[in-house]
Each structure stands twice: as C-alpha cells, then as structure tokens.
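One structure is given below, encoded as structure tokens.
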Amino acid sequence: MTENKIRDAVAASVAAAFPSNQVYDEKVPEALQPGSFYIQLIASKQTRLQGRRYSRACTLEIRYFGATGRERHHAAEQLYDKLEFITAAGSMLHGIRMRHEAVDDVLRFYVDYEFQVLRTEVSAAKMGSLKQEGQIKHD
C-alpha cells in the first residue's frame with residue numbers, strides 16, 4: 001500500500017460520485033472551472049511498530065470549486081459519505097478525522113487514512129563456513 005494508491009482511490013471515488021465534474025490530482029490548469037475537484041496529499045507520517053511492521057497515516061485535501069455556497073456544502077455532504085470507506089490496492093480503508101471548511105469560495109475537505117505496511121526483509125550476506133582445527137599440547 002502506498003500513498004499514491006490511496007490518492008488514486010480517493011480520486012476514483014470522487015469521480016464516481018460526481019461523474020459530470022472534472023477531477024484533478026496532479027497538474028491543475030491555471031483557471032479551474034466551477035465544479036472541478038483537486039485532490040492533494042498534504043501530509044503523511046510513519047511509525048515503526050515492531051520489526052518490519054510500520055503504521056502509516058496520510059492526510060488528503062480535496063478542494064471543490066463550486067459556484068455557490070449551497071453547491072459547496074452539498075459536495076461536502078457527498079464527500080463525507082463517499083470517502084468514509086475506499087478500496088485501495090485490494091484493501092478497504094476507513095476515512096477518519098473528516099472535516100471541511102469553505103475558504104474564499106473554495107470547499108476544502110480533509111480526510112485521513114491509516115494503514116500498516118510490512119517492509120521487505122533485507123537479506124544480509126551470510127557468513128561463510130569456518131574450519132576449526134585444534135590440538136592439545138602435552139608437556
């Protein structure tokens with residue numbers, strides 16, 4: 001599981017919920033049309049749990065450029081519903097700490113996803129065999 005796969009899953013969920021709207025997750029045109037979405041990974045962190053197991057958390061921001069305040073808040077209601085559970089890389093993830101705000105005629109919707117990662121084991125070079133010889137000295 002990677003942050004990019006989660007961002008792709010969020011973009012797919014937003015596109016499915018709003019099929020007539022444009023969804024951007026990389027390059028954004030300078031002038032976004034009303035009704036467009038922009039998805040951005042804004043923070044992530046990783047904590048080692050034990051051995052090769054790590055816990056990761058990522059925060060995504062979905063911006064919606066709605067024409068009216070009513071449209072922006074309607075979009076927020078839809079996002080709460082559609083982003084609560086997403087499927088990324090074959091795993092179901094639960095969206096937590098969802099929140100939104102309207103700033104400068106733009107809806108900013110935030111959601112966090114937490115998941116665990118099992119790092120691949122690094123194989124170290126094994127020691128070669130050692131031949132030991134010895135004898136007892138008699139005086």
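FYI, nothing fancy with the structure tokens labels: chains A, B, ... in order, residues from 1 per chain, ligands from 1 as they appear.
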Surrounding residues of segment 20-36 of chain A excluding itself and chain neighbours under 6 positions, 6 Å, only C-alpha atoms, as a list of chain:residue names: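 Using only C-alpha atoms, the neighbours found are A:Tyr64, A:Phe65, A:Gly66, A:Ala67.
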Could you pull the residues within 6 Å of Leu60 of chain A, counting only C-alpha atoms, minus those fewer than 6 positions along the same chain, as a PyMOL selection string? chain A and resi 40-42+110-111
Given only C-alpha atoms, how would the per-residue table for segment 54-102 of chain A near segment 12-18 of chain A read, listing every residue at most 8 Å away with its closest atom pair and distance in Å to one decimal, sorted by chain and number, as JSON lines?
{"residue": "A:Gln78", "atom": "CA", "partner": "A:Ala17", "partner_atom": "CA", "distance": 7.5}
{"residue": "A:Leu79", "atom": "CA", "partner": "A:Val14", "partner_atom": "CA", "distance": 7.4}
{"residue": "A:Lys82", "atom": "CA", "partner": "A:Ser13", "partner_atom": "CA", "distance": 6.6}
{"residue": "A:Leu83", "atom": "CA", "partner": "A:Ser13", "partner_atom": "CA", "distance": 7.0}
{"residue": "A:Ile86", "atom": "CA", "partner": "A:Ser13", "partner_atom": "CA", "distance": 7.2}
Proximity to Val10 of chain A - best of A:Cys58, A:Ala43, A:Ala102, A:Ala88, only C-alpha atoms: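 Answer, going by the shortest atom-to-atom distance: A:Ala88.
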One decimal place gives the atom CA of Ser44 of chain A-atom CA of Arg56 of chain A separation as 7.1 Å
Counting only C-alpha atoms, what is within 12 Å of Arg70 of chain A, bar same-chain residues fewer than 4 positions away, as a PyMOL selection string? chain A and resi 65-66+74-77+102+105-107
Within chain A, find each residue whose DSSP state, derived from the backbone, is alpha helix (DSSP H), and express the selection as an MDAnalysis selection string. chainID A and resid 3:17 69:82
How about saving the chosen residues, C-alpha atoms kept, as a compact mmCIF listing (two decimals), in the first residue's frame?
# COMPACT_ATOMS: atom_id res chain seq x y z
CA GLU A 3 0.08 6.99 -0.52
CA ASN A 4 -0.24 7.26 -4.32
CA LYS A 5 -2.58 4.26 -4.41
CA ILE A 6 -4.72 5.89 -1.72
CA ARG A 7 -4.78 9.18 -3.64
CA ASP A 8 -5.79 7.29 -6.79
CA ALA A 9 -8.58 5.50 -4.88
CA VAL A 10 -9.86 8.81 -3.50
CA ALA A 11 -9.79 10.34 -6.99
CA ALA A 12 -11.73 7.35 -8.36
CA SER A 13 -14.32 7.62 -5.57
CA VAL A 14 -14.78 11.35 -6.18
CA ALA A 15 -15.06 10.80 -9.95
CA ALA A 16 -17.68 8.07 -9.39
CA ALA A 17 -19.70 10.29 -7.03
CA GLY A 69 -22.14 28.08 -1.06
CA ARG A 70 -25.07 25.68 -1.39
CA GLU A 71 -23.17 23.65 -4.04
CA ARG A 72 -20.04 23.54 -1.90
CA HIS A 73 -21.88 22.26 1.18
CA HIS A 74 -23.81 19.72 -0.87
CA ALA A 75 -20.48 18.44 -2.23
CA ALA A 76 -19.15 18.19 1.34
CA GLU A 77 -22.11 16.02 2.35
CA GLN A 78 -21.44 13.71 -0.59
CA LEU A 79 -17.72 13.51 0.24
CA TYR A 80 -18.43 12.51 3.86
CA ASP A 81 -20.47 9.61 2.55
CA LYS A 82 -18.29 8.51 -0.38
Suppose you want the space between atom CA of Ile39 of chain A and atom CA of Ile62 of chain A; what is it in Å? 4.5 Å
Enter the distance from atom CA of Tyr54 of chain A to atom CA of Glu84 of chain A, in Å, rounded to one decimal.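 A separation of 22.7 Å between them.
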Long-range neighbours of Phe115 of chain A as a PyMOL selection string, 8 Å cut-off, only C-alpha atoms, 4 positions minimum in chain: chain A and resi 55-57+93
Dump as an mmCIF file, in the first residue's frame, selection limited to C-alpha atoms:
data_model
loop_
_atom_site.group_PDB
_atom_site.id
_atom_site.type_symbol
_atom_site.label_atom_id
_atom_site.label_comp_id
_atom_site.auth_asym_id
_atom_site.auth_seq_id
_atom_site.Cartn_x
_atom_site.Cartn_y
_atom_site.Cartn_z
ATOM 1 C CA SER A 55 1.988 2.227 10.782
ATOM 2 C CA ARG A 56 1.398 4.976 8.227
ATOM 3 C CA ALA A 57 -1.105 7.791 8.162
ATOM 4 C CA LEU A 93 -9.622 1.706 4.213
#
Pick out each residue of segment 3-108 of chain A that DSSP on the backbone tags as strand (DSSP E); I need them as a PyMOL selection string. chain A and resi 23-24+36-50+53-65+85-88+91-103+106-108
